[in-house]
>>> print(open('coords-v6.pdb').read())   # PDB, C-alpha atoms
ATOM      1  CA  MET A   1       2.512 -53.720  33.900
ATOM      2  CA  SER A   2       3.034 -56.550  31.446
ATOM      3  CA  ASP A   3       5.487 -59.384  32.004
ATOM      4  CA  ARG A   4       8.562 -58.128  30.162
ATOM      5  CA  ASN A   5      10.257 -61.521  30.407
ATOM      6  CA  ALA A   6       7.694 -63.135  28.152
ATOM      7  CA  VAL A   7       8.306 -63.402  24.398
ATOM      8  CA  VAL A   8       5.213 -62.408  22.432
ATOM      9  CA  SER A   9       5.070 -63.290  18.742
ATOM     10  CA  ALA A  10       2.623 -61.908  16.253
ATOM     11  CA  PRO A  11       0.456 -64.525  14.534
ATOM     12  CA  LYS A  12       1.485 -66.304  11.363
ATOM     13  CA  SER A  13       5.228 -65.967  11.900
ATOM     14  CA  PRO A  14       6.822 -67.716   8.890
ATOM     15  CA  ALA A  15       8.542 -70.997   9.685
ATOM     16  CA  LYS A  16      11.763 -69.832   8.019
ATOM     17  CA  VAL A  17      12.093 -66.987  10.504
ATOM     18  CA  GLY A  18      12.385 -69.316  13.482
ATOM     19  CA  ASN A  19      12.593 -68.106  17.072
ATOM     20  CA  PRO A  20      13.086 -64.488  18.146
ATOM     21  CA  PRO A  21      16.779 -63.542  17.893
ATOM     22  CA  HIS A  22      16.576 -61.748  21.267
ATOM     23  CA  LYS A  23      14.267 -61.761  24.268
ATOM     24  CA  ASN A  24      11.170 -59.565  24.072
ATOM     25  CA  MET A  25      11.093 -59.237  20.290
ATOM     26  CA  VAL A  26       7.966 -59.765  18.182
ATOM     27  CA  TRP A  27       7.603 -60.663  14.529
ATOM     28  CA  VAL A  28       6.255 -57.931  12.259
ATOM     29  CA  PRO A  29       5.099 -59.548   9.014
ATOM     30  CA  GLY A  30       5.906 -57.738   5.822
ATOM     31  CA  GLY A  31       3.289 -56.154   3.633
ATOM     32  CA  THR A  32       2.123 -53.164   1.642
ATOM     33  CA  PHE A  33       0.364 -50.235   3.302
ATOM     34  CA  MET A  34      -0.596 -46.591   2.879
ATOM     35  CA  MET A  35       2.095 -44.526   4.577
ATOM     36  CA  GLY A  36       1.499 -40.972   5.798
ATOM     37  CA  SER A  37      -1.730 -39.002   5.955
ATOM     38  CA  ASN A  38      -3.509 -36.410   3.844
ATOM     39  CA  ARG A  39      -5.745 -35.332   6.747
ATOM     40  CA  HIS A  40      -3.378 -33.975   9.385
ATOM     41  CA  TYR A  41      -0.026 -32.150   9.192
ATOM     42  CA  PRO A  42       1.583 -31.104   5.868
ATOM     43  CA  GLU A  43       4.784 -33.098   6.438
ATOM     44  CA  GLU A  44       2.741 -36.325   6.505
ATOM     45  CA  ALA A  45       1.444 -35.830   2.950
ATOM     46  CA  PRO A  46       1.014 -37.127   0.420
ATOM     47  CA  SER A  47      -0.161 -40.496   1.636
ATOM     48  CA  HIS A  48       1.587 -43.080  -0.505
ATOM     49  CA  ARG A  49       1.866 -46.821  -0.869
ATOM     50  CA  ARG A  50       4.954 -48.538   0.607
ATOM     51  CA  SER A  51       6.046 -52.134   1.069
ATOM     52  CA  VAL A  52       8.283 -53.635   3.730
ATOM     53  CA  SER A  53       9.666 -57.092   4.361
ATOM     54  CA  GLY A  54       9.145 -58.848   7.674
ATOM     55  CA  PHE A  55      11.414 -58.136  10.646
ATOM     56  CA  TRP A  56      11.726 -58.620  14.391
ATOM     57  CA  MET A  57      11.072 -55.588  16.601
ATOM     58  CA  ASP A  58      11.602 -54.860  20.276
ATOM     59  CA  GLN A  59       8.296 -55.292  22.025
ATOM     60  CA  TYR A  60       9.240 -52.514  24.449
ATOM     61  CA  LEU A  61      11.163 -49.274  24.323
ATOM     62  CA  VAL A  62      14.758 -49.505  25.561
ATOM     63  CA  THR A  63      14.566 -48.849  29.295
ATOM     64  CA  ASN A  64      16.895 -47.180  31.770
ATOM     65  CA  ALA A  65      17.816 -50.648  33.036
ATOM     66  CA  ASP A  66      18.641 -51.809  29.492
ATOM     67  CA  PHE A  67      20.770 -48.762  28.808
ATOM     68  CA  GLU A  68      22.535 -49.018  32.153
ATOM     69  CA  ARG A  69      23.660 -52.566  31.287
ATOM     70  CA  PHE A  70      25.045 -51.229  28.001
ATOM     71  CA  VAL A  71      26.936 -48.396  29.717
ATOM     72  CA  GLU A  72      28.337 -50.711  32.388
ATOM     73  CA  SER A  73      29.514 -53.121  29.692
ATOM     74  CA  THR A  74      31.058 -50.573  27.313
ATOM     75  CA  GLY A  75      31.814 -47.431  29.321
ATOM     76  CA  HIS A  76      29.873 -45.396  26.775
ATOM     77  CA  VAL A  77      29.502 -41.687  27.557
ATOM     78  CA  THR A  78      26.432 -40.170  25.952
ATOM     79  CA  VAL A  79      26.444 -36.992  23.889
ATOM     80  CA  ALA A  80      24.536 -35.168  26.645
ATOM     81  CA  GLU A  81      27.325 -35.983  29.101
ATOM     82  CA  ARG A  82      30.041 -34.403  26.926
ATOM     83  CA  ILE A  83      31.010 -30.753  26.485
ATOM     84  CA  PRO A  84      29.752 -29.588  23.064
ATOM     85  CA  GLU A  85      32.317 -28.725  20.408
ATOM     86  CA  ALA A  86      32.119 -24.947  19.938
ATOM     87  CA  ALA A  87      32.931 -25.111  16.202
ATOM     88  CA  LEU A  88      29.702 -27.012  15.550
ATOM     89  CA  TYR A  89      27.556 -24.275  17.106
ATOM     90  CA  PRO A  90      28.542 -20.890  15.667
ATOM     91  CA  GLY A  91      27.244 -18.037  17.777
ATOM     92  CA  ALA A  92      26.469 -20.200  20.802
ATOM     93  CA  LEU A  93      26.711 -18.401  24.139
ATOM     94  CA  PRO A  94      29.585 -19.673  26.312
ATOM     95  CA  HIS A  95      27.289 -20.714  29.157
ATOM     96  CA  MET A  96      25.471 -23.019  26.737
ATOM     97  CA  LEU A  97      28.619 -24.926  25.789
ATOM     98  CA  VAL A  98      28.406 -27.253  28.763
ATOM     99  CA  ALA A  99      27.279 -30.850  29.115
ATOM    100  CA  GLY A 100      23.510 -31.015  29.362
ATOM    101  CA  SER A 101      20.291 -31.643  27.491
ATOM    102  CA  VAL A 102      16.871 -30.231  26.648
ATOM    103  CA  VAL A 103      14.137 -30.456  29.299
ATOM    104  CA  PHE A 104      10.451 -29.509  29.282
ATOM    105  CA  ARG A 105       9.373 -27.099  32.005
ATOM    106  CA  GLN A 106       5.693 -26.341  32.330
ATOM    107  CA  PRO A 107       4.891 -22.609  32.069
ATOM    108  CA  ARG A 108       2.933 -21.012  34.883
ATOM    109  CA  GLY A 109       0.612 -19.121  32.571
ATOM    110  CA  SER A 110      -0.538 -18.804  28.992
ATOM    111  CA  VAL A 111       2.155 -18.688  26.324
ATOM    112  CA  ASP A 112       2.423 -18.126  22.591
ATOM    113  CA  LEU A 113       2.274 -21.585  21.007
ATOM    114  CA  ARG A 114       4.311 -20.285  18.067
ATOM    115  CA  SER A 115       7.334 -19.899  20.379
ATOM    116  CA  PRO A 116       8.253 -23.071  22.311
ATOM    117  CA  SER A 117       9.370 -21.299  25.472
ATOM    118  CA  TRP A 118       8.774 -24.448  27.511
ATOM    119  CA  TRP A 119      12.037 -25.970  26.312
ATOM    120  CA  HIS A 120      15.182 -25.289  28.358
ATOM    121  CA  TYR A 121      18.764 -26.410  27.912
ATOM    122  CA  VAL A 122      19.625 -27.725  31.384
ATOM    123  CA  PRO A 123      23.276 -28.276  32.365
ATOM    124  CA  GLY A 124      23.659 -31.698  33.942
ATOM    125  CA  ALA A 125      20.515 -33.166  32.406
ATOM    126  CA  ASP A 126      21.207 -36.578  30.858
ATOM    127  CA  TRP A 127      19.849 -40.117  30.818
ATOM    128  CA  ARG A 128      20.661 -40.635  34.490
ATOM    129  CA  HIS A 129      19.209 -37.223  35.446
ATOM    130  CA  PRO A 130      16.142 -36.689  33.223
ATOM    131  CA  GLU A 131      14.996 -33.372  34.704
ATOM    132  CA  GLY A 132      18.442 -32.062  35.689
ATOM    133  CA  PRO A 133      21.332 -32.893  38.035
ATOM    134  CA  GLN A 134      19.095 -33.204  41.101
ATOM    135  CA  SER A 135      16.801 -35.792  39.489
ATOM    136  CA  SER A 136      17.336 -39.552  39.353
ATOM    137  CA  ILE A 137      16.169 -42.711  37.577
ATOM    138  CA  LYS A 138      16.464 -44.941  40.654
ATOM    139  CA  SER A 139      12.701 -45.429  40.815
ATOM    140  CA  ARG A 140      12.324 -45.422  37.006
ATOM    141  CA  MET A 141      14.456 -48.313  35.806
ATOM    142  CA  ASP A 142      11.530 -49.736  33.784
ATOM    143  CA  TYR A 143      10.840 -46.357  32.147
ATOM    144  CA  PRO A 144      12.176 -45.535  28.661
ATOM    145  CA  VAL A 145      15.686 -44.117  28.563
ATOM    146  CA  VAL A 146      15.677 -40.488  27.374
ATOM    147  CA  HIS A 147      18.199 -37.739  26.486
ATOM    148  CA  ILE A 148      19.721 -40.102  23.935
ATOM    149  CA  ALA A 149      21.278 -38.646  20.764
ATOM    150  CA  TYR A 150      21.480 -40.619  17.541
ATOM    151  CA  GLU A 151      25.135 -41.537  18.117
ATOM    152  CA  ASP A 152      24.151 -43.113  21.438
ATOM    153  CA  VAL A 153      21.360 -45.085  19.762
ATOM    154  CA  GLU A 154      23.746 -46.445  17.137
ATOM    155  CA  ALA A 155      26.268 -47.458  19.809
ATOM    156  CA  TYR A 156      23.631 -49.330  21.782
ATOM    157  CA  ALA A 157      22.300 -51.085  18.665
ATOM    158  CA  ARG A 158      25.792 -52.235  17.648
ATOM    159  CA  TRP A 159      26.467 -53.532  21.149
ATOM    160  CA  ILE A 160      23.299 -55.601  21.310
ATOM    161  CA  GLY A 161      23.437 -56.754  17.675
ATOM    162  CA  LYS A 162      20.384 -54.928  16.345
ATOM    163  CA  GLU A 163      19.507 -51.970  14.108
ATOM    164  CA  LEU A 164      17.074 -49.080  13.940
ATOM    165  CA  ALA A 165      13.947 -49.316  11.811
ATOM    166  CA  THR A 166      13.484 -47.176   8.746
ATOM    167  CA  GLU A 167      10.548 -44.794   8.883
ATOM    168  CA  ALA A 168       8.424 -47.107   6.721
ATOM    169  CA  GLU A 169       9.250 -50.143   8.856
ATOM    170  CA  TRP A 170       8.434 -48.241  12.035
ATOM    171  CA  GLU A 171       5.108 -46.930  10.725
ATOM    172  CA  PHE A 172       4.073 -50.315   9.353
ATOM    173  CA  ALA A 173       4.816 -51.888  12.752
ATOM    174  CA  ALA A 174       2.992 -49.118  14.635
ATOM    175  CA  ARG A 175      -0.168 -49.664  12.610
ATOM    176  CA  GLY A 176      -0.374 -53.223  13.923
ATOM    177  CA  GLY A 177      -2.259 -54.454  10.869
ATOM    178  CA  LEU A 178      -4.782 -51.579  10.877
ATOM    179  CA  ASP A 179      -3.922 -49.963   7.565
ATOM    180  CA  GLY A 180      -5.339 -46.438   7.330
ATOM    181  CA  ALA A 181      -6.488 -46.173  10.953
ATOM    182  CA  VAL A 182      -5.861 -42.854  12.723
ATOM    183  CA  PHE A 183      -4.306 -44.421  15.827
ATOM    184  CA  THR A 184      -2.326 -47.586  16.463
ATOM    185  CA  TRP A 185      -5.462 -49.114  17.997
ATOM    186  CA  GLY A 186      -8.143 -47.817  15.590
ATOM    187  CA  ASP A 187     -10.002 -44.611  14.791
ATOM    188  CA  GLU A 188     -11.423 -43.726  18.199
ATOM    189  CA  LEU A 189      -9.168 -41.872  20.638
ATOM    190  CA  SER A 190     -10.527 -43.514  23.792
ATOM    191  CA  PRO A 191     -12.560 -46.605  22.881
ATOM    192  CA  ALA A 192     -15.191 -47.261  25.564
ATOM    193  CA  GLY A 193     -13.544 -44.483  27.569
ATOM    194  CA  LYS A 194     -10.247 -46.358  27.862
ATOM    195  CA  ILE A 195      -7.020 -44.347  27.709
ATOM    196  CA  MET A 196      -4.712 -46.088  25.246
ATOM    197  CA  ALA A 197      -1.456 -44.107  25.493
ATOM    198  CA  ASN A 198       0.546 -41.653  27.586
ATOM    199  CA  THR A 199      -0.211 -38.257  26.057
ATOM    200  CA  TRP A 200      -1.026 -34.744  27.275
ATOM    201  CA  GLU A 201      -4.657 -34.366  28.349
ATOM    202  CA  GLY A 202      -5.692 -30.748  28.669
ATOM    203  CA  GLU A 203      -4.558 -27.457  27.180
ATOM    204  CA  PHE A 204      -0.868 -27.768  26.331
ATOM    205  CA  PRO A 205       1.431 -26.550  27.837
ATOM    206  CA  VAL A 206      -0.325 -25.014  30.844
ATOM    207  CA  VAL A 207      -2.995 -27.530  31.923
ATOM    208  CA  ASN A 208      -2.115 -31.214  32.257
ATOM    209  CA  LEU A 209      -5.076 -33.168  33.612
ATOM    210  CA  GLN A 210      -2.980 -36.352  33.869
ATOM    211  CA  LEU A 211      -5.978 -38.536  33.108
ATOM    212  CA  ASP A 212      -3.546 -41.272  32.069
ATOM    213  CA  GLY A 213      -1.936 -41.183  35.518
ATOM    214  CA  PHE A 214       1.408 -39.720  34.476
ATOM    215  CA  GLU A 215       2.901 -36.244  34.372
ATOM    216  CA  ARG A 216       5.921 -37.293  32.335
ATOM    217  CA  THR A 217       7.056 -40.676  30.990
ATOM    218  CA  SER A 218       5.461 -43.948  32.065
ATOM    219  CA  PRO A 219       6.773 -47.497  32.567
ATOM    220  CA  VAL A 220       7.118 -49.397  29.312
ATOM    221  CA  GLY A 221       4.254 -51.781  28.657
ATOM    222  CA  HIS A 222       1.795 -49.915  30.882
ATOM    223  CA  PHE A 223      -0.729 -49.183  28.125
ATOM    224  CA  PRO A 224      -2.269 -51.761  25.729
ATOM    225  CA  ALA A 225      -0.181 -53.296  22.957
ATOM    226  CA  ASN A 226      -1.099 -52.903  19.304
ATOM    227  CA  GLY A 227      -2.066 -55.718  16.956
ATOM    228  CA  TYR A 228       1.513 -56.974  16.650
ATOM    229  CA  GLY A 229       2.110 -57.054  20.403
ATOM    230  CA  LEU A 230       4.167 -53.840  20.432
ATOM    231  CA  TYR A 231       3.832 -51.416  23.349
ATOM    232  CA  ASP A 232       4.128 -47.605  23.412
ATOM    233  CA  MET A 233       4.014 -47.133  19.650
ATOM    234  CA  ALA A 234       1.978 -44.009  20.449
ATOM    235  CA  GLY A 235       2.826 -41.471  23.134
ATOM    236  CA  ASN A 236       5.251 -41.831  26.051
ATOM    237  CA  VAL A 237       8.401 -40.885  24.064
ATOM    238  CA  TRP A 238       9.229 -40.084  20.459
ATOM    239  CA  GLU A 239      11.332 -42.806  18.802
ATOM    240  CA  TRP A 240      14.417 -42.437  16.621
ATOM    241  CA  THR A 241      14.360 -44.073  13.183
ATOM    242  CA  ALA A 242      17.211 -44.648  10.742
ATOM    243  CA  GLU A 243      15.688 -42.282   8.173
ATOM    244  CA  TRP A 244      17.189 -38.923   7.186
ATOM    245  CA  TYR A 245      14.378 -36.378   7.355
ATOM    246  CA  GLN A 246      13.077 -35.205   3.984
ATOM    247  CA  SER A 247       9.796 -34.432   2.290
ATOM    248  CA  TYR A 248       7.735 -37.337   0.979
ATOM    249  CA  ARG A 249       7.758 -35.441  -2.301
ATOM    250  CA  LYS A 250      11.454 -36.214  -2.782
ATOM    251  CA  PRO A 251      12.187 -39.149  -5.139
ATOM    252  CA  ALA A 252      12.268 -42.507  -3.397
ATOM    253  CA  GLY A 253      15.589 -44.164  -2.645
ATOM    254  CA  ALA A 254      16.951 -47.358  -4.072
ATOM    255  CA  CYS A 255      16.641 -50.820  -2.568
ATOM    256  CA  CYS A 256      15.920 -50.750   1.111
ATOM    257  CA  SER A 257      15.296 -47.165   2.166
ATOM    258  CA  GLY A 258      14.907 -43.558   1.120
ATOM    259  CA  SER A 259      17.981 -42.912   3.250
ATOM    260  CA  ALA A 260      20.002 -44.737   0.590
ATOM    261  CA  ARG A 261      19.844 -41.648  -1.641
ATOM    262  CA  PRO A 262      23.317 -40.072  -1.707
ATOM    263  CA  ASP A 263      21.940 -36.587  -1.009
ATOM    264  CA  ALA A 264      19.482 -37.641   1.712
ATOM    265  CA  ARG A 265      21.762 -36.567   4.555
ATOM    266  CA  GLU A 266      22.323 -33.151   3.004
ATOM    267  CA  ASP A 267      18.608 -32.731   2.332
ATOM    268  CA  SER A 268      17.888 -33.331   6.010
ATOM    269  CA  LEU A 269      19.609 -30.089   7.092
ATOM    270  CA  ASP A 270      17.240 -27.498   8.537
ATOM    271  CA  PRO A 271      16.880 -24.643   5.999
ATOM    272  CA  ARG A 272      15.830 -22.293   8.832
ATOM    273  CA  THR A 273      19.317 -22.507  10.408
ATOM    274  CA  PRO A 274      21.780 -22.456   7.490
ATOM    275  CA  GLY A 275      24.718 -21.755   9.804
ATOM    276  CA  ILE A 276      24.212 -25.009  11.716
ATOM    277  CA  ARG A 277      24.924 -28.012   9.549
ATOM    278  CA  ILE A 278      23.631 -30.752  11.842
ATOM    279  CA  PRO A 279      21.685 -33.381   9.864
ATOM    280  CA  ARG A 280      18.302 -34.570  11.089
ATOM    281  CA  LYS A 281      16.628 -37.949  11.457
ATOM    282  CA  VAL A 282      12.919 -38.797  11.555
ATOM    283  CA  LEU A 283      11.236 -39.315  14.919
ATOM    284  CA  LYS A 284       7.952 -41.228  15.123
ATOM    285  CA  GLY A 285       5.175 -41.941  17.584
ATOM    286  CA  GLY A 286       4.595 -38.788  19.613
ATOM    287  CA  SER A 287       5.206 -38.408  23.344
ATOM    288  CA  PHE A 288       3.685 -37.540  26.697
ATOM    289  CA  LEU A 289       3.860 -33.894  25.575
ATOM    290  CA  CYS A 290       1.663 -34.361  22.501
ATOM    291  CA  ALA A 291      -1.801 -32.800  22.853
ATOM    292  CA  ALA A 292      -4.812 -32.344  20.603
ATOM    293  CA  ASN A 293      -4.514 -28.534  20.761
ATOM    294  CA  TYR A 294      -0.834 -28.366  19.820
ATOM    295  CA  CYS A 295       0.874 -31.592  18.693
ATOM    296  CA  PHE A 296      -1.674 -34.144  17.560
ATOM    297  CA  ARG A 297       1.090 -36.554  16.667
ATOM    298  CA  TYR A 298       0.450 -39.685  18.717
ATOM    299  CA  ARG A 299      -0.486 -41.344  15.428
ATOM    300  CA  PRO A 300       1.509 -43.749  13.228
ATOM    301  CA  ALA A 301       1.525 -41.309  10.288
ATOM    302  CA  ALA A 302       3.021 -38.450  12.326
ATOM    303  CA  ARG A 303       6.677 -37.508  11.897
ATOM    304  CA  ILE A 304       9.050 -34.787  13.025
ATOM    305  CA  ALA A 305      12.696 -33.962  12.358
ATOM    306  CA  GLN A 306      15.355 -34.082  15.065
ATOM    307  CA  GLN A 307      19.013 -33.042  14.881
ATOM    308  CA  VAL A 308      21.203 -36.107  15.413
ATOM    309  CA  ASP A 309      23.255 -34.412  18.137
ATOM    310  CA  THR A 310      20.298 -33.673  20.384
ATOM    311  CA  GLY A 311      18.325 -35.800  22.800
ATOM    312  CA  THR A 312      15.509 -34.478  24.959
ATOM    313  CA  CYS A 313      13.402 -35.559  27.929
ATOM    314  CA  HIS A 314      10.779 -37.033  25.589
ATOM    315  CA  GLN A 315      12.857 -39.023  23.087
ATOM    316  CA  GLY A 316      13.756 -42.704  23.236
ATOM    317  CA  PHE A 317      14.131 -45.676  20.909
ATOM    318  CA  ARG A 318      13.674 -49.363  20.212
ATOM    319  CA  CYS A 319      15.521 -51.666  17.813
ATOM    320  CA  ILE A 320      14.807 -54.268  15.152
ATOM    321  CA  VAL A 321      16.489 -57.291  13.572
ATOM    322  CA  ARG A 322      15.978 -57.687   9.829
ATOM    323  CA  VAL A 323      15.616 -60.900   7.882
ATOM    324  CA  LYS A 324      17.606 -60.854   4.649
ATOM    325  CA  THR A 325      15.656 -61.171   1.412
ATOM    326  CA  GLU A 326      16.754 -62.895  -1.780
ATOM    327  CA  ASP A 327      17.776 -59.634  -3.451
ATOM    328  CA  GLY A 328      20.099 -58.773  -0.578
ATOM    329  CA  CYS A 329      17.980 -56.016   0.881
ATOM    330  CA  ALA A 330      16.799 -56.146   4.452
ATOM    331  CA  GLY A 331      13.641 -54.639   5.889
ATOM    332  CA  GLU A 332      12.081 -52.863   2.912
TER     333      GLU A 332
END
>>> encode(input="coords-v6.pdb", output="structure tokens")
Amino acid sequence: MSDRNAVVSAPKSPAKVGNPPHKNMVWVPGGTFMMGSNRHYPEEAPSHRRSVSGFWMDQYLVTNADFERFVESTGHVTVAERIPEAALYPGALPHMLVAGSVVFRQPRGSVDLRSPSWWHYVPGADWRHPEGPQSSIKSRMDYPVVHIAYEDVEAYARWIGKELATEAEWEFAARGGLDGAVFTWGDELSPAGKIMANTWEGEFPVVNLQLDGFERTSPVGHFPANGYGLYDMAGNVWEWTAEWYQSYRKPAGACCSGSARPDAREDSLDPRTPGIRIPRKVLKGGSFLCAANYCFRYRPAARIAQQVDTGTCHQGFRCIVRVKTEDGCAGE
């Protein structure tokens, strides 16, 4: 594993930016790039040109050790550790209205990929107990924290004095200077046979060959960094962004982000569940559950929507610090 105490800076960091504002942050220079993809999933299209200003980004995902320090300092209780409010979930069965979170359980045989039966709401699952109440993070303190809802992410970011990246900022950073490449490291999945990220190898969800050495999450920094010195920008865990989920075909927002549109939050609601009015944010990067036969999303262009009240066993986050621009915007 890499030395997480070292500060790695991307080349050509502008003199006006100065030193990293926090340990283990790298400079992501601003620029213009082609965001999205016209070659993969419909929600990634159309590919379009975006520009972002430079910012500092966490070199690593927030770990269990990082999050534990936050909880010990603030007493924060995560969403997964609280009893859900029944009014927010009309029609929910009483036994589901208990503290818990969503956990992947590998099926024993073939399943219909159109019905994600591998997901289970597990009472007692939370960031300290990733697979359920009998599991522990004692041997996984340098693994990414999971089962973190958006409210928990915001609380952590406020405490440490950082923010979440917008979707454009995150994707620009993930590309590591390789504009248009399929992966964060280039166009070849395994260059010279080298495994570059923690993903699912085999037929998802029944055969996991574990060629990368891991059944579930992996320690942060285990796989190679991208061109900006950022680790785990593909695979391992999906990452929260600050962006309300919406189609790229919606009109762009003003100033810094598409999320600035006044109706962006409302547009993020899932039309398939009109009775549940829980807005959704964009997740980026893919996870250890992404596979070529089902979820080919360990690519910088990939994106999915996630309800803000829900964390799972394959979601985490990292933060950024923006540098203010002359027009008052930060980041984009």
>>> atom_distance(input="coords-v6.pdb", atom1="atom CA of A:Ser247", atom2="atom CA of A:Glu44")
8.4 Å
>>> resolve_selection(input="coords-v6.pdb", expression="the PyMOL selection byres ((chain A and resi 70) around 12)", output="JSON, numbers by chain")
{"A": [62, 63, 64, 65, 66, 67, 68, 69, 71, 72, 73, 74, 75, 76, 77, 78, 145, 152, 153, 154, 155, 156, 157, 158, 159, 160, 161]}
>>> resolve_selection(input="coords-v6.pdb", expression="the PyMOL selection byres ((chain A and resi 239-246) around 6)", output="list in words")
Leu164, Ala165, Thr166, Glu167, Trp238, Ser247, Ser259, Arg265, Ser268, Arg280, Lys281, Val282, Leu283, Lys284, Ala305, Gln315, Gly316 and Phe317 of chain A
>>> atom_distance(input="coords-v6.pdb", atom1="atom CA of A:Asp212", atom2="atom CA of A:Ile195")
6.4 Å
>>> atom_distance(input="coords-v6.pdb", atom1="atom CA of A:Tyr294", atom2="atom CA of A:Pro42")
14.4 Å
>>> residues_near_point(input="coords-v6.pdb", point="(6.5, -40.8, -0.9)", cutoff="6 Å", atoms="only C-alpha atoms", output="PyMOL selection string")
chain A and resi 48+248-249
>>> resolve_selection(input="coords-v6.pdb", expression="the PyMOL selection byres ((chain A and resi 296-304) around 9)", output="VMD selection string")
chain A and resid 35 to 37 40 to 41 43 to 44 47 167 170 to 175 181 to 184 197 199 233 to 235 238 245 281 to 288 290 to 295 305 to 306
>>> write_last_selection(input="coords-v6.pdb", atoms="C-alpha atoms", output="PDB file, in the frame of the given file")
ATOM      1  CA  MET A  35       2.095 -44.526   4.577  1.00  0.00           C
ATOM      2  CA  GLY A  36       1.499 -40.972   5.798  1.00  0.00           C
ATOM      3  CA  SER A  37      -1.730 -39.002   5.955  1.00  0.00           C
ATOM      4  CA  HIS A  40      -3.378 -33.975   9.385  1.00  0.00           C
ATOM      5  CA  TYR A  41      -0.026 -32.150   9.192  1.00  0.00           C
ATOM      6  CA  GLU A  43       4.784 -33.098   6.438  1.00  0.00           C
ATOM      7  CA  GLU A  44       2.741 -36.325   6.505  1.00  0.00           C
ATOM      8  CA  SER A  47      -0.161 -40.496   1.636  1.00  0.00           C
ATOM      9  CA  GLU A 167      10.548 -44.794   8.883  1.00  0.00           C
ATOM     10  CA  TRP A 170       8.434 -48.241  12.035  1.00  0.00           C
ATOM     11  CA  GLU A 171       5.108 -46.930  10.725  1.00  0.00           C
ATOM     12  CA  PHE A 172       4.073 -50.315   9.353  1.00  0.00           C
ATOM     13  CA  ALA A 173       4.816 -51.888  12.752  1.00  0.00           C
ATOM     14  CA  ALA A 174       2.992 -49.118  14.635  1.00  0.00           C
ATOM     15  CA  ARG A 175      -0.168 -49.664  12.610  1.00  0.00           C
ATOM     16  CA  ALA A 181      -6.488 -46.173  10.953  1.00  0.00           C
ATOM     17  CA  VAL A 182      -5.861 -42.854  12.723  1.00  0.00           C
ATOM     18  CA  PHE A 183      -4.306 -44.421  15.827  1.00  0.00           C
ATOM     19  CA  THR A 184      -2.326 -47.586  16.463  1.00  0.00           C
ATOM     20  CA  ALA A 197      -1.456 -44.107  25.493  1.00  0.00           C
ATOM     21  CA  THR A 199      -0.211 -38.257  26.057  1.00  0.00           C
ATOM     22  CA  MET A 233       4.014 -47.133  19.650  1.00  0.00           C
ATOM     23  CA  ALA A 234       1.978 -44.009  20.449  1.00  0.00           C
ATOM     24  CA  GLY A 235       2.826 -41.471  23.134  1.00  0.00           C
ATOM     25  CA  TRP A 238       9.229 -40.084  20.459  1.00  0.00           C
ATOM     26  CA  TYR A 245      14.378 -36.378   7.355  1.00  0.00           C
ATOM     27  CA  LYS A 281      16.628 -37.949  11.457  1.00  0.00           C
ATOM     28  CA  VAL A 282      12.919 -38.797  11.555  1.00  0.00           C
ATOM     29  CA  LEU A 283      11.236 -39.315  14.919  1.00  0.00           C
ATOM     30  CA  LYS A 284       7.952 -41.228  15.123  1.00  0.00           C
ATOM     31  CA  GLY A 285       5.175 -41.941  17.584  1.00  0.00           C
ATOM     32  CA  GLY A 286       4.595 -38.788  19.613  1.00  0.00           C
ATOM     33  CA  SER A 287       5.206 -38.408  23.344  1.00  0.00           C
ATOM     34  CA  PHE A 288       3.685 -37.540  26.697  1.00  0.00           C
ATOM     35  CA  CYS A 290       1.663 -34.361  22.501  1.00  0.00           C
ATOM     36  CA  ALA A 291      -1.801 -32.800  22.853  1.00  0.00           C
ATOM     37  CA  ALA A 292      -4.812 -32.344  20.603  1.00  0.00           C
ATOM     38  CA  ASN A 293      -4.514 -28.534  20.761  1.00  0.00           C
ATOM     39  CA  TYR A 294      -0.834 -28.366  19.820  1.00  0.00           C
ATOM     40  CA  CYS A 295       0.874 -31.592  18.693  1.00  0.00           C
ATOM     41  CA  ALA A 305      12.696 -33.962  12.358  1.00  0.00           C
ATOM     42  CA  GLN A 306      15.355 -34.082  15.065  1.00  0.00           C
TER      43      GLN A 306
END
>>> closest_residue(input="coords-v6.pdb", among="A:His129, A:Pro279, A:Val26, A:Pro94", to="A:Asp263", atoms="only C-alpha atoms")
A:Pro279
>>> residues_near_point(input="coords-v6.pdb", point="(-0.1, -53.2, 2.5)", cutoff="9 Å", atoms="only C-alpha atoms", output="list of chain:residue names")
A:Gly30, A:Gly31, A:Thr32, A:Phe33, A:Met34, A:Arg49, A:Arg50, A:Ser51, A:Val52, A:Phe172, A:Gly177, A:Asp179
>>> residues_around(input="coords-v6.pdb", residues="A:Pro130", least_positions_apart="3", cutoff="10 Å", atoms="all atoms listed in the file", output="MDAnalysis selection string")
chainID A and resid 101:104 122 124:127 133:137 145:147 312:314
>>> residues_around(input="coords-v6.pdb", residues="A:Asp112", least_positions_apart="2", cutoff="12 Å", atoms="only C-alpha atoms", output="VMD selection string")
chain A and resid 107 109 to 110 114 to 118 204 to 206 294
>>> closest_residue(input="coords-v6.pdb", among="A:Ile320, A:Val308, A:Ala149, A:Leu209", to="A:Arg277", atoms="all atoms listed in the file")
A:Val308
>>> closest_residue(input="coords-v6.pdb", among="A:Ala99, A:Tyr228, A:Gly275, A:Leu61", to="A:Met141", atoms="all atoms listed in the file")
A:Leu61
>>> closest_residue(input="coords-v6.pdb", among="A:Ser53, A:Thr310, A:Asn236, A:Asn38", to="A:Glu169", atoms="all atoms listed in the file")
A:Ser53
>>> closest_residue(input="coords-v6.pdb", among="A:His95, A:Arg140, A:Arg128, A:Arg272", to="A:Glu81", atoms="all atoms listed in the file")
A:Arg128
>>> residues_around(input="coords-v6.pdb", residues="A:Tyr60", least_positions_apart="3", cutoff="8 Å", atoms="only C-alpha atoms", output="number ranges by chain")
A: 24, 220-221, 230-232, 318
